>>> print(open('my_file-v7.cif').read())   # mmCIF, C-alpha atoms
data_run
#
loop_
_atom_site.label_atom_id
_atom_site.label_comp_id
_atom_site.auth_asym_id
_atom_site.auth_seq_id
_atom_site.Cartn_x
_atom_site.Cartn_y
_atom_site.Cartn_z
CA MET M 9 -8.30 133.67 75.31
CA ASP M 10 -7.46 137.39 75.07
CA PHE M 11 -5.33 137.99 71.98
CA ASN M 12 -5.06 141.74 72.56
CA PHE M 13 -1.72 143.19 73.58
CA THR M 14 -1.46 144.98 76.92
CA PRO M 15 -0.91 148.75 77.05
CA GLU M 16 2.68 148.14 78.13
CA GLN M 17 3.33 145.86 75.17
CA ARG M 18 1.85 148.42 72.77
CA GLN M 19 4.05 151.11 74.35
CA PHE M 20 7.16 149.00 73.75
CA ALA M 21 6.12 148.47 70.13
CA ASP M 22 5.32 152.14 69.57
CA ALA M 23 8.61 153.28 71.10
CA LEU M 24 10.57 150.95 68.85
CA LYS M 25 8.61 151.95 65.76
CA ARG M 26 9.15 155.66 66.40
CA TRP M 27 12.89 155.16 66.86
CA ILE M 28 13.21 153.01 63.73
CA ASP M 29 11.21 155.48 61.62
CA ARG M 30 13.22 158.43 62.92
CA ASP M 31 16.79 157.11 63.23
CA TYR M 32 17.00 153.64 61.69
CA GLY M 33 15.53 154.09 58.23
CA PHE M 34 16.60 152.14 55.20
CA GLU M 35 19.55 154.34 54.25
CA ALA M 36 20.79 154.55 57.85
CA ARG M 37 20.64 150.75 58.07
CA ARG M 38 22.56 150.35 54.80
CA ALA M 39 25.31 152.58 56.15
CA ILE M 40 25.54 150.45 59.31
CA VAL M 41 25.59 147.20 57.33
CA HIS M 42 28.47 148.42 55.15
CA SER M 43 30.45 149.89 58.05
CA GLU M 44 33.53 148.11 59.37
CA ALA M 45 31.83 147.12 62.61
CA GLY M 46 28.54 146.12 61.02
CA VAL M 47 26.63 147.34 64.07
CA SER M 48 25.96 150.75 65.62
CA GLY M 49 26.95 151.73 69.15
CA ASP M 50 24.40 154.54 69.07
CA ALA M 51 21.63 152.13 68.06
CA TRP M 52 22.60 149.71 70.82
CA ALA M 53 22.56 152.55 73.35
CA THR M 54 19.05 153.45 72.23
CA LEU M 55 17.85 149.88 72.61
CA VAL M 56 19.27 149.88 76.13
CA GLU M 57 17.64 153.22 76.90
CA LEU M 58 14.28 151.95 75.66
CA GLY M 59 14.56 148.99 78.05
CA MET M 60 14.85 146.32 75.37
CA THR M 61 17.90 144.62 76.89
CA ALA M 62 16.26 144.59 80.32
CA LEU M 63 12.93 143.26 79.06
CA PRO M 64 13.70 139.48 79.13
CA VAL M 65 15.88 139.63 82.26
CA PRO M 66 14.31 138.69 85.63
CA GLU M 67 13.43 141.54 87.98
CA GLU M 68 15.92 140.20 90.54
CA GLN M 69 18.70 141.05 88.08
CA GLY M 70 17.41 144.49 87.18
CA GLY M 71 15.11 143.47 84.33
CA PHE M 72 11.39 143.48 83.63
CA SER M 73 10.77 139.69 83.63
CA GLY M 74 9.30 139.96 80.15
CA THR M 75 7.42 136.97 78.80
CA ALA M 76 7.79 135.42 75.36
CA VAL M 77 4.71 137.40 74.29
CA ASP M 78 6.44 140.61 75.39
CA MET M 79 9.44 139.58 73.31
CA PHE M 80 7.14 138.75 70.39
CA VAL M 81 6.11 142.41 70.26
CA VAL M 82 9.74 143.58 70.26
CA MET M 83 11.06 141.07 67.71
CA ARG M 84 8.18 141.81 65.35
CA GLU M 85 9.12 145.50 65.27
CA LEU M 86 12.81 144.69 64.87
CA GLY M 87 11.85 142.50 61.91
CA ARG M 88 9.85 145.31 60.34
CA GLY M 89 12.84 147.62 60.76
CA LEU M 90 15.45 145.07 59.58
CA VAL M 91 17.53 145.94 62.64
CA VAL M 92 21.00 144.39 62.42
CA GLU M 93 22.17 145.00 66.00
CA PRO M 94 23.22 142.00 68.19
CA TYR M 95 19.92 141.95 70.06
CA PHE M 96 18.67 138.47 69.18
CA ALA M 97 22.05 136.86 69.91
CA THR M 98 22.21 138.60 73.28
CA VAL M 99 18.70 137.80 74.47
CA LEU M 100 19.11 134.17 73.37
CA GLY M 101 22.31 134.01 75.40
CA ALA M 102 20.47 135.61 78.31
CA GLU M 103 17.84 132.88 78.11
CA PHE M 104 20.57 130.28 78.62
CA LEU M 105 21.74 132.18 81.69
CA ARG M 106 18.20 132.55 83.02
CA LEU M 107 17.47 128.84 82.61
CA GLY M 108 20.82 127.91 84.16
CA GLY M 109 20.17 130.16 87.16
CA LEU M 110 23.84 130.44 88.18
CA HIS M 111 25.05 133.74 86.71
CA PRO M 112 22.92 136.58 88.09
CA GLN M 113 25.74 139.11 87.83
CA LEU M 114 26.00 138.53 84.09
CA LEU M 115 22.26 138.93 83.64
CA GLU M 116 22.56 142.26 85.43
CA ARG M 117 25.14 143.33 82.87
CA VAL M 118 22.89 142.20 80.02
CA ALA M 119 20.00 144.21 81.43
CA ALA M 120 22.24 147.27 81.73
CA GLY M 121 23.44 146.82 78.15
CA SER M 122 27.10 146.47 79.14
CA LEU M 123 27.40 142.85 78.02
CA THR M 124 26.56 141.36 74.63
CA LEU M 125 26.36 137.61 74.16
CA ALA M 126 26.55 135.13 71.29
CA CYS M 127 25.63 131.45 71.16
CA ALA M 128 28.29 129.16 69.66
CA LEU M 129 26.22 126.04 69.03
CA GLY M 130 26.31 124.93 65.38
CA GLU M 131 29.15 123.01 63.76
CA ARG M 132 30.14 122.12 60.22
CA GLN M 133 28.49 118.71 60.33
CA SER M 134 25.54 119.44 62.60
CA ARG M 135 23.32 121.44 60.21
CA HIS M 136 20.06 121.80 62.22
CA ASP M 137 20.71 119.05 64.79
CA MET M 138 22.22 120.84 67.77
CA ARG M 139 22.79 117.50 69.50
CA ASP M 140 25.46 116.75 66.89
CA ILE M 141 28.45 118.16 68.77
CA ALA M 142 32.07 117.33 68.03
CA THR M 143 33.57 120.05 70.24
CA ARG M 144 34.92 118.40 73.37
CA ALA M 145 35.05 119.58 76.98
CA THR M 146 37.70 117.55 78.79
CA PRO M 147 37.75 117.66 82.62
CA ASP M 148 40.78 119.51 83.96
CA GLY M 149 41.00 120.03 87.71
CA ASP M 150 37.88 121.89 88.80
CA GLY M 151 37.13 123.02 85.23
CA HIS M 152 37.25 121.91 81.61
CA VAL M 153 39.38 122.39 78.49
CA LEU M 154 37.47 123.10 75.28
CA ARG M 155 38.66 121.95 71.86
CA GLY M 156 36.70 122.34 68.65
CA GLU M 157 35.18 124.76 66.16
CA LYS M 158 31.78 126.44 65.89
CA LYS M 159 30.36 127.77 62.63
CA VAL M 160 28.14 130.75 61.75
CA VAL M 161 27.96 132.12 65.29
CA LEU M 162 25.57 135.05 64.95
CA HIS M 163 27.32 138.24 66.11
CA GLY M 164 30.15 136.14 67.50
CA ALA M 165 32.73 138.85 66.76
CA GLN M 166 30.61 141.50 68.49
CA ALA M 167 30.05 139.53 71.71
CA GLY M 168 31.80 139.93 75.04
CA MET M 169 31.03 136.35 76.06
CA LEU M 170 30.04 133.16 74.23
CA VAL M 171 27.62 130.43 75.27
CA VAL M 172 29.29 127.26 74.00
CA SER M 173 27.95 123.73 73.68
CA ALA M 174 30.55 120.99 74.08
CA ARG M 175 30.48 117.28 74.61
CA THR M 176 31.66 116.02 77.98
CA GLY M 177 30.86 112.41 77.11
CA GLY M 178 28.60 110.11 75.12
CA GLU M 179 28.19 109.61 71.40
CA GLN M 180 28.39 112.57 69.02
CA ARG M 181 24.61 112.85 68.55
CA ALA M 182 23.49 111.69 71.99
CA GLU M 183 21.42 113.89 74.27
CA ASP M 184 23.45 112.72 77.26
CA GLY M 185 26.91 114.18 77.72
CA ILE M 186 26.21 117.73 76.51
CA GLY M 187 27.71 120.59 78.50
CA LEU M 188 27.09 124.33 78.20
CA PHE M 189 29.84 126.77 79.10
CA LEU M 190 30.43 130.52 79.25
CA VAL M 191 33.64 131.59 77.54
CA ALA M 192 35.04 135.11 77.35
CA ALA M 193 35.49 136.16 73.73
CA ASP M 194 39.06 137.28 74.49
CA ALA M 195 40.05 134.16 76.46
CA PRO M 196 43.40 132.58 75.54
CA GLY M 197 42.92 130.02 72.76
CA VAL M 198 39.74 131.57 71.34
CA ARG M 199 40.08 132.57 67.67
CA ILE M 200 37.16 134.45 66.08
CA THR M 201 36.83 135.14 62.36
CA GLY M 202 33.96 137.51 61.65
CA TYR M 203 32.17 138.15 58.36
CA ARG M 204 29.01 139.65 56.92
CA THR M 205 26.15 137.29 56.08
CA LEU M 206 23.73 137.31 53.14
CA ASP M 207 21.15 139.34 55.06
CA GLY M 208 23.53 142.07 56.21
CA LEU M 209 24.04 140.78 59.74
CA ARG M 210 27.38 139.62 61.15
CA ALA M 211 28.46 136.12 62.05
CA ALA M 212 31.72 134.41 62.91
CA ASP M 213 33.53 131.09 62.94
CA VAL M 214 35.04 130.41 66.35
CA VAL M 215 37.90 128.02 67.12
CA PHE M 216 38.56 126.81 70.68
CA ASP M 217 42.17 125.71 70.95
CA ASP M 218 42.72 124.28 74.44
CA VAL M 219 40.56 126.93 76.07
CA ARG M 220 40.39 126.40 79.82
CA VAL M 221 37.27 127.37 81.76
CA ASP M 222 36.73 126.99 85.49
CA ALA M 223 33.79 125.34 87.23
CA ALA M 224 31.90 128.65 87.45
CA ALA M 225 31.73 128.78 83.64
CA ALA M 226 29.30 125.86 83.47
CA ILE M 227 25.66 126.64 82.69
CA GLY M 228 23.74 123.91 84.45
CA ALA M 229 25.31 120.56 85.21
CA PRO M 230 28.07 119.53 82.77
CA GLY M 231 26.88 116.55 80.76
CA ALA M 232 23.19 117.19 81.45
CA GLY M 233 22.69 120.27 79.31
CA TRP M 234 20.31 118.93 76.67
CA PRO M 235 16.99 119.92 78.33
CA LEU M 236 18.30 123.46 78.85
CA LEU M 237 19.68 123.63 75.32
CA ASP M 238 16.43 122.31 73.87
CA ALA M 239 14.34 124.87 75.77
CA ALA M 240 16.61 127.77 74.82
CA LEU M 241 16.59 126.76 71.15
CA ASP M 242 12.80 126.74 71.18
CA TYR M 243 12.85 130.20 72.73
CA GLY M 244 15.16 131.39 69.96
CA ALA M 245 13.02 129.81 67.24
CA GLY M 246 9.95 131.49 68.70
CA LEU M 247 11.68 134.89 68.60
CA LEU M 248 12.71 134.30 64.99
CA CYS M 249 9.09 133.52 64.11
CA ALA M 250 8.10 136.93 65.46
CA GLU M 251 10.91 138.67 63.59
CA ALA M 252 9.94 136.91 60.37
CA LEU M 253 6.34 138.00 60.85
CA GLY M 254 7.42 141.65 61.09
CA ALA M 255 9.57 141.32 57.97
CA MET M 256 6.74 139.64 56.05
CA GLU M 257 4.30 142.37 57.05
CA ALA M 258 6.74 145.05 55.88
CA ILE M 259 7.54 143.42 52.54
CA PHE M 260 3.84 142.81 51.90
CA GLU M 261 3.03 146.48 52.54
CA ALA M 262 5.91 147.60 50.30
CA THR M 263 4.70 145.32 47.52
CA LEU M 264 1.12 146.55 47.81
CA GLU M 265 2.30 150.16 47.58
CA TYR M 266 4.42 149.30 44.53
CA LEU M 267 1.44 147.73 42.76
CA LYS M 268 -0.57 150.88 43.40
CA THR M 269 2.05 153.20 41.90
CA ARG M 270 3.75 151.18 39.12
CA GLN M 271 2.08 152.01 35.81
CA GLN M 272 1.73 149.63 32.89
CA PHE M 273 -0.53 150.08 29.84
CA GLY M 274 -1.81 153.32 31.34
CA ALA M 275 -3.00 151.82 34.64
CA PRO M 276 -1.51 150.75 37.99
CA ILE M 277 -0.45 147.12 37.76
CA GLY M 278 -2.41 146.48 40.95
CA LYS M 279 -5.55 146.61 38.83
CA PHE M 280 -4.54 143.44 36.98
CA GLN M 281 -6.57 140.54 38.31
CA ALA M 282 -3.73 138.02 38.12
CA LEU M 283 -1.59 140.16 40.40
CA GLN M 284 -4.52 140.71 42.76
CA HIS M 285 -4.83 136.93 43.11
CA ARG M 286 -1.15 136.67 44.01
CA MET M 287 -1.52 139.36 46.65
CA ALA M 288 -4.55 137.53 48.04
CA ASP M 289 -2.44 134.37 48.36
CA MET M 290 0.19 136.40 50.21
CA VAL M 291 -2.47 137.64 52.65
CA ILE M 292 -3.52 134.05 53.42
CA HIS M 293 0.08 133.02 54.13
CA LEU M 294 0.62 136.13 56.23
CA GLU M 295 -2.47 135.58 58.38
CA GLN M 296 -1.59 131.94 59.00
CA ALA M 297 1.97 132.93 59.89
CA ARG M 298 0.70 135.56 62.32
CA SER M 299 -1.52 133.04 64.10
CA MET M 300 1.25 130.46 64.37
CA ALA M 301 3.82 132.98 65.61
CA MET M 302 1.42 134.08 68.35
CA LEU M 303 0.70 130.47 69.30
CA ALA M 304 4.41 129.75 69.62
CA ALA M 305 4.92 132.82 71.82
CA VAL M 306 2.12 131.74 74.14
CA LYS M 307 3.27 128.12 74.35
CA LEU M 308 6.86 129.07 75.14
CA GLY M 309 5.58 129.77 78.62
CA SER M 310 4.18 126.25 78.98
CA HIS M 311 5.60 123.93 81.64
CA ASP M 312 4.88 121.00 79.31
CA ALA M 313 8.02 120.52 77.19
CA GLY M 314 6.15 118.40 74.66
CA GLU M 315 3.49 121.06 74.18
CA ARG M 316 6.21 123.68 73.74
CA ARG M 317 8.08 121.60 71.17
CA ARG M 318 4.95 120.89 69.14
CA ALA M 319 3.89 124.54 69.04
CA VAL M 320 7.33 125.89 68.17
CA SER M 321 8.03 123.33 65.45
CA ALA M 322 4.57 123.79 63.93
CA ALA M 323 5.07 127.56 63.93
CA LYS M 324 8.60 127.49 62.51
CA TYR M 325 7.52 125.04 59.79
CA ARG M 326 4.56 127.16 58.73
CA ILE M 327 6.42 130.46 58.97
CA ASN M 328 9.35 129.10 56.97
CA GLN M 329 6.89 128.21 54.23
CA ALA M 330 5.18 131.59 54.40
CA ALA M 331 8.49 133.46 54.41
CA ARG M 332 9.63 131.73 51.25
CA PHE M 333 6.32 132.23 49.45
CA ILE M 334 5.82 135.87 50.44
CA GLY M 335 9.46 136.76 49.80
CA GLN M 336 9.50 135.17 46.35
CA GLN M 337 6.17 136.68 45.36
CA ALA M 338 7.26 140.14 46.53
CA VAL M 339 10.48 139.99 44.51
CA GLN M 340 8.65 138.81 41.39
CA LEU M 341 5.95 141.44 41.70
CA HIS M 342 8.61 144.13 41.98
CA GLY M 343 10.16 142.86 38.75
CA GLY M 344 13.91 143.30 38.24
CA MET M 345 14.00 145.98 40.95
CA GLY M 346 13.09 143.33 43.50
CA VAL M 347 16.65 141.97 43.65
CA THR M 348 18.56 145.26 43.70
CA ASP M 349 20.40 146.50 46.76
CA GLU M 350 18.71 149.89 46.44
CA LEU M 351 15.23 148.52 47.19
CA PRO M 352 14.13 147.41 50.70
CA ALA M 353 12.28 144.40 49.24
CA ALA M 354 15.57 142.68 48.40
CA HIS M 355 16.84 143.13 51.95
CA TYR M 356 13.63 141.77 53.49
CA PHE M 357 13.80 138.80 51.12
CA LYS M 358 17.38 138.02 52.15
CA ARG M 359 16.56 138.30 55.85
CA LEU M 360 13.55 136.01 55.46
CA ALA M 361 15.66 133.49 53.55
CA THR M 362 18.22 133.50 56.35
CA ILE M 363 15.63 133.14 59.11
CA GLU M 364 14.21 130.17 57.22
CA LEU M 365 17.56 128.37 57.66
CA THR M 366 18.25 129.50 61.24
CA LEU M 367 17.47 127.15 64.16
CA GLY M 368 15.83 124.61 61.88
CA ASP M 369 14.46 124.69 58.34
CA ALA M 370 10.99 123.46 57.35
CA ASP M 371 12.06 119.84 56.88
CA HIS M 372 13.78 119.75 60.27
CA HIS M 373 10.78 121.10 62.16
CA LEU M 374 8.29 118.94 60.29
CA ALA M 375 10.30 115.84 61.25
CA ARG M 376 10.57 117.09 64.83
CA PHE M 377 6.83 117.71 65.05
CA ILE M 378 6.03 114.24 63.72
CA ALA M 379 8.44 112.66 66.22
CA GLN M 380 6.67 114.15 69.24
CA PRO M 381 4.75 111.69 71.48
CA GLY M 382 1.13 111.28 70.52
CA PHE M 383 1.47 112.17 66.85
CA ARG M 384 1.67 108.54 65.80
CA GLU M 385 1.84 105.21 67.55
CA GLY M 386 5.26 104.46 68.94
CA ALA M 387 6.62 107.99 68.46
CA THR M 388 9.05 109.31 71.06
CA ALA M 389 10.50 112.80 71.70
#
>>> encode(input="my_file-v7.cif", output="structure tokens")
Amino acid sequence: MDFNFTPEQRQFADALKRWIDRDYGFEARRAIVHSEAGVSGDAWATLVELGMTALPVPEEQGGFSGTAVDMFVVMRELGRGLVVEPYFATVLGAEFLRLGGLHPQLLERVAAGSLTLACALGERQSRHDMRDIATRATPDGDGHVLRGEKKVVLHGAQAGMLVVSARTGGEQRAEDGIGLFLVAADAPGVRITGYRTLDGLRAADVVFDDVRVDAAAAIGAPGAGWPLLDAALDYGAGLLCAEALGAMEAIFEATLEYLKTRQQFGAPIGKFQALQHRMADMVIHLEQARSMAMLAAVKLGSHDAGERRRAVSAAKYRINQAARFIGQQAVQLHGGMGVTDELPAAHYFKRLATIELTLGDADHHLARFIAQPGFREGATA
């Protein structure tokens, strides 16, 4: 298998890196994070101009039909740059639309950068189980009425439209009876409360109070949305693995540079053997994380859902472990400075900690991997 990136993929990565180095440095990012909006219109316009919003959209809707490996390259650079724009939320929403196949005009707007999306999936009680849905979608004429509340919707307050999971029937944790719907953020009955998260990004709690949507708002068949939801969540987890890899690479490089310059007892602390051993352990975790993130990106294109689930859960489990280890080691090796807002290491650590808990923590993905058919006798998906 060829593990080399194509010239086009390297061009995407280089273009992003140049922009981040020139216009999205650490101080510029801090200013955006602490601004009222929490995102930058200029930065979003640049991402659109670079073709990042068009990359995952099919060519028929004005995009580039980018694969998961193409997106791996982009998300890795965004992770290295700690970019806080609503890119991940939008491309995850676009994946729902692509899989549903019924909203080409909206995908065209995503590709053009005129529409941002957010995915309202998690609830107070659901934790990492996205089948656990209490929000209800009650049939009403040719549409549905949504009632319920979604928690920690990434960039929910910055989105023009929301992808919402709601139960049309069945038990609260059943795979049957799940519907997916598109809801305008300014629709009557939608209440959005935005806030800043630990890692500097923005999220929101969203209440749906008798929100009516018509039949065209459905993504896929109402009540049969679990396979689509499952596939889109794997896609999102795979993108997060790539972003985490970029953040881990950056925090490792920053820590290595710090050990070369910080003086103690008349010598750089990087000369101390104990610290060299800790850096060597970080390298091992980083290399394993890189391999698993690449595997997940490749397997996201598989037509075998079981193979996709195994690869994504294995990658997210291993990368969650690596993110915690590398982040903690980096902070400790920086000493007290490692937790200050003035140092990039603290921001990388917070982002890695948040990624670890997004779309499934290590325990969740380990249990999911074990439950896949073939792992043990009698196991089912």
>>> closest_residue(input="my_file-v7.cif", among="M:Leu170, M:Ala245, M:Ala223, M:Val160", to="M:Arg204", atoms="only C-alpha atoms")
M:Val160
>>> resolve_selection(input="my_file-v7.cif", expression="the PyMOL selection byres ((chain M and resi 311-326) around 6)", output="CSV table (one decimal) with C-alpha atoms, in the frame of the given file")
chain,number,residue,atom,x,y,z
M,300,MET,CA,1.2,130.5,64.4
M,301,ALA,CA,3.8,133.0,65.6
M,304,ALA,CA,4.4,129.8,69.6
M,307,LYS,CA,3.3,128.1,74.4
M,308,LEU,CA,6.9,129.1,75.1
M,310,SER,CA,4.2,126.2,79.0
M,327,ILE,CA,6.4,130.5,59.0
M,328,ASN,CA,9.4,129.1,57.0
M,329,GLN,CA,6.9,128.2,54.2
M,370,ALA,CA,11.0,123.5,57.4
M,373,HIS,CA,10.8,121.1,62.2
M,377,PHE,CA,6.8,117.7,65.0
>>> closest_residue(input="my_file-v7.cif", among="M:Asp50, M:Asp194, M:Asp29, M:Asp371", to="M:Glu93", atoms="all atoms listed in the file")
M:Asp50
>>> resolve_selection(input="my_file-v7.cif", expression="the PyMOL selection byres ((chain M and resi 79) around 9)", output="PDB file with C-alpha atoms, in the coordinates of the input")
ATOM      1  CA  GLN M  17       3.330 145.860  75.170  1.00  0.00           C
ATOM      2  CA  MET M  60      14.850 146.320  75.370  1.00  0.00           C
ATOM      3  CA  LEU M  63      12.930 143.260  79.060  1.00  0.00           C
ATOM      4  CA  PRO M  64      13.700 139.480  79.130  1.00  0.00           C
ATOM      5  CA  GLY M  74       9.300 139.960  80.150  1.00  0.00           C
ATOM      6  CA  THR M  75       7.420 136.970  78.800  1.00  0.00           C
ATOM      7  CA  ALA M  76       7.790 135.420  75.360  1.00  0.00           C
ATOM      8  CA  VAL M  77       4.710 137.400  74.290  1.00  0.00           C
ATOM      9  CA  ASP M  78       6.440 140.610  75.390  1.00  0.00           C
ATOM     10  CA  PHE M  80       7.140 138.750  70.390  1.00  0.00           C
ATOM     11  CA  VAL M  81       6.110 142.410  70.260  1.00  0.00           C
ATOM     12  CA  VAL M  82       9.740 143.580  70.260  1.00  0.00           C
ATOM     13  CA  MET M  83      11.060 141.070  67.710  1.00  0.00           C
ATOM     14  CA  ARG M  84       8.180 141.810  65.350  1.00  0.00           C
ATOM     15  CA  LEU M 247      11.680 134.890  68.600  1.00  0.00           C
ATOM     16  CA  ALA M 250       8.100 136.930  65.460  1.00  0.00           C
ATOM     17  CA  ALA M 305       4.920 132.820  71.820  1.00  0.00           C
TER      18      ALA M 305
END
>>> resolve_selection(input="my_file-v7.cif", expression="the PyMOL selection byres ((chain M and resi 51) around 12)", output="ChimeraX atom specification")
/M:24,27-28,30-33,36-37,40,46-50,52-58,60,86,91-95,121
>>> closest_residue(input="my_file-v7.cif", among="M:Glu251, M:Glu85, M:Gly71, M:Leu114", to="M:Phe20", atoms="all atoms listed in the file")
M:Glu85
>>> closest_residue(input="my_file-v7.cif", among="M:Asp238, M:Asp137, M:Asp148, M:Asp217", to="M:Gln180", atoms="only C-alpha atoms")
M:Asp137
>>> residues_around(input="my_file-v7.cif", residues="M:Ala145", least_positions_apart="3", cutoff="10 Å", atoms="all atoms listed in the file", output="list in words")
Ala142, Asp148, Gly151, His152, Val153, Leu154, Arg155, Gly156, Ser173, Ala174, Arg175, Thr176, Gly177, Gly185, Ile186, Gly187, Leu188, Phe189, Asp218, Val219, Arg220, Val221, Pro230 and Gly231 of chain M
>>> closest_residue(input="my_file-v7.cif", among="M:Gly59, M:Gly89, M:Phe280, M:Phe260", to="M:Glu16", atoms="all atoms listed in the file")
M:Gly59
>>> closest_residue(input="my_file-v7.cif", among="M:Pro66, M:Ala232, M:Glu257, M:His136", to="M:His372", atoms="all atoms listed in the file")
M:His136
>>> residues_around(input="my_file-v7.cif", residues="M:Ala361", least_positions_apart="2", cutoff="9 Å", atoms="only C-alpha atoms", output="list in words")
Leu206, Asp207, Asn328, Ala331, Arg332, Gly335, Tyr356, Phe357, Lys358, Arg359, Ile363, Glu364 and Leu365 of chain M
